[in-house]
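Chemist: One structure follows; several queries about it will come next.
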Amino acid sequence: MLQTKLNDPAVEESTKKRIKRIMGDTDDDRRMEEEAIRYLLWLDSERCSAFFADIVLICEGATEKAFIDYLIKNEWNDIREKKTYILDAMGKFNIHRYMNLFKELGIYHSVLADRDENNDVHELINQFIEGQKNEFTKSIDFFDKDIETFLGINAPPGNRRDKRPLNVMWHHTKEKISNDKIDALKSKVVGLL
């Protein structure tokens with residue numbers, strides 16, 4: 001889909017530049033080699049747990065993974081029994097790679113990501129992710145903007161993305177996230193599993 005957008009004369013050049021930056025502007029052989037290296041880098045001992053799960057929940061980032069993992073281990077006892085692995089895709093731009101890997105390995109999975117209000121190139125990437133749904137993809141869901149907005153909390157000061165997991169966990173441990181928001185998150189997760 002992204003390659004089609006690159007060849008479409010109706011697509012603005014600024015959008016094409018962003019797509020090239022995401023995809024990498026390299027020849028096909030090199031791109032395939034880079035993909036193989038990415039899989040080797042991603043498949044660490046912790047992520048290999050995904051191969052033994054009944055279902056993998058592919059999350060866009062560390063914030064979703066850390067918070068949902070915490071809730072499953074400490075509060076959502078009913079979900080703990082489902083043999084679910086929560087995977088941090090290390091960004092929206094890697095989700096399709098995990099979807100394809102799990103398809104090839106016959107592993108059921110779902111996706112939870114930020115829609116980022118479909119701003120800028122995110123609309124194309126969100127459509128691309130939805131287009132990668134396969135016979136092993138149970139469901140795909142998005143937060144309209146991000147998990148912080150969904151939970152009704154502020155993002156870390158200075159938009160420090162590296163502090164997002166800490167920020168969400170701090171708000172939860174200080175009981176600054178309403179039970180209604182936690183219940184809504186649980187419903188979203190249960191719907192994906």
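Each chain in the structure tokens gets a letter, A, B and so on, in the order shown; residues start at 1 in every chain, and ligands are counted from 1 in the order they appear.
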Env of Ser187 (chain A): 12 Å cut, atoms = only C-alpha atoms, seq-sep filter 5 positions within chain, self excluded. Answer as a PyMOL selection string.

Modeler: chain A and resi 68+76+79+141+180-182+192-193

Chemist: Taking only C-alpha atoms into account, which of A:Asp88, A:Asp120, A:Glu104, A:Glu130 comes nearest Phe67 (chain A)?

Modeler: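 Of A:Asp88, A:Asp120, A:Glu104, A:Glu130, the one nearest Phe67 (chain A) is A:Asp88, counting only C-alpha atoms.
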
Chemist: Excluding same-chain residues fewer than 6 positions from Lys65 (chain A), what lies within 10 Å of it counting only C-alpha atoms, as an MDAnalysis selection string?

Modeler: chainID A and resid 57:59 71 85:89 112 165

Chemist: Store the residues picked out above in a file with N, CA and C atoms, as a PDB file, in the first residue's frame.

Modeler:
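Wrote out32.pdb, looks like this:
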ATOM      1  N   LEU A  57      -0.807  -9.955  22.104  1.00  0.00           N
ATOM      2  CA  LEU A  57      -1.345  -8.614  21.922  1.00  0.00           C
ATOM      3  C   LEU A  57      -0.178  -7.717  21.532  1.00  0.00           C
ATOM      4  N   ILE A  58      -0.154  -7.315  20.268  1.00  0.00           N
ATOM      5  CA  ILE A  58       0.909  -6.447  19.751  1.00  0.00           C
ATOM      6  C   ILE A  58       0.530  -5.011  20.105  1.00  0.00           C
ATOM      7  N   CYS A  59       1.308  -4.397  20.975  1.00  0.00           N
ATOM      8  CA  CYS A  59       1.087  -3.002  21.366  1.00  0.00           C
ATOM      9  C   CYS A  59       2.100  -2.117  20.655  1.00  0.00           C
ATOM     10  N   LEU A  71      -1.339  -4.507  34.849  1.00  0.00           N
ATOM     11  CA  LEU A  71      -2.737  -4.746  35.213  1.00  0.00           C
ATOM     12  C   LEU A  71      -3.086  -6.226  35.169  1.00  0.00           C
ATOM     13  N   TYR A  85       0.486 -13.002  25.697  1.00  0.00           N
ATOM     14  CA  TYR A  85       1.772 -12.299  25.741  1.00  0.00           C
ATOM     15  C   TYR A  85       1.549 -10.895  25.205  1.00  0.00           C
ATOM     16  N   ILE A  86       2.009  -9.897  25.938  1.00  0.00           N
ATOM     17  CA  ILE A  86       1.906  -8.497  25.520  1.00  0.00           C
ATOM     18  C   ILE A  86       3.247  -8.110  24.905  1.00  0.00           C
ATOM     19  N   LEU A  87       3.232  -7.719  23.647  1.00  0.00           N
ATOM     20  CA  LEU A  87       4.458  -7.426  22.908  1.00  0.00           C
ATOM     21  C   LEU A  87       4.571  -5.939  22.614  1.00  0.00           C
ATOM     22  N   ASP A  88       5.699  -5.358  22.895  1.00  0.00           N
ATOM     23  CA  ASP A  88       6.025  -3.974  22.539  1.00  0.00           C
ATOM     24  C   ASP A  88       6.620  -4.006  21.139  1.00  0.00           C
ATOM     25  N   ALA A  89       5.905  -3.444  20.170  1.00  0.00           N
ATOM     26  CA  ALA A  89       6.373  -3.451  18.776  1.00  0.00           C
ATOM     27  C   ALA A  89       7.462  -2.404  18.529  1.00  0.00           C
ATOM     28  N   LEU A 112      -3.055  -3.326  19.271  1.00  0.00           N
ATOM     29  CA  LEU A 112      -3.526  -2.133  19.967  1.00  0.00           C
ATOM     30  C   LEU A 112      -2.506  -1.030  19.746  1.00  0.00           C
ATOM     31  N   PRO A 165       5.918   5.458  29.896  1.00  0.00           N
ATOM     32  CA  PRO A 165       5.530   4.338  30.774  1.00  0.00           C
ATOM     33  C   PRO A 165       5.532   4.738  32.253  1.00  0.00           C
TER      34      PRO A 165
END

Chemist: Find the nearest atom pair between each residue of region 24-63 of chain A and region 147-160 of chain A for residues within 12 Å, count only C-alpha atoms, give distances in Å to one decimal, sort rows by chain and ascending number, and present the table as JSON lines.

Modeler:
{"residue": "A:Cys59", "atom": "CA", "partner": "A:Ile147", "partner_atom": "CA", "distance": 10.9}
{"residue": "A:Glu60", "atom": "CA", "partner": "A:Ile147", "partner_atom": "CA", "distance": 10.3}
{"residue": "A:Gly61", "atom": "CA", "partner": "A:Ile147", "partner_atom": "CA", "distance": 10.3}
{"residue": "A:Ala62", "atom": "CA", "partner": "A:Ile147", "partner_atom": "CA", "distance": 11.2}
{"residue": "A:Thr63", "atom": "CA", "partner": "A:Ile147", "partner_atom": "CA", "distance": 8.1}

Chemist: So, with only C-alpha atoms as the atoms that count, which of A:Lys20, A:Val11, A:Ser110, A:Phe51 lies closest to Phe142 (chain A)?

Modeler: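 Answer, going by the shortest atom-to-atom distance: A:Ser110.
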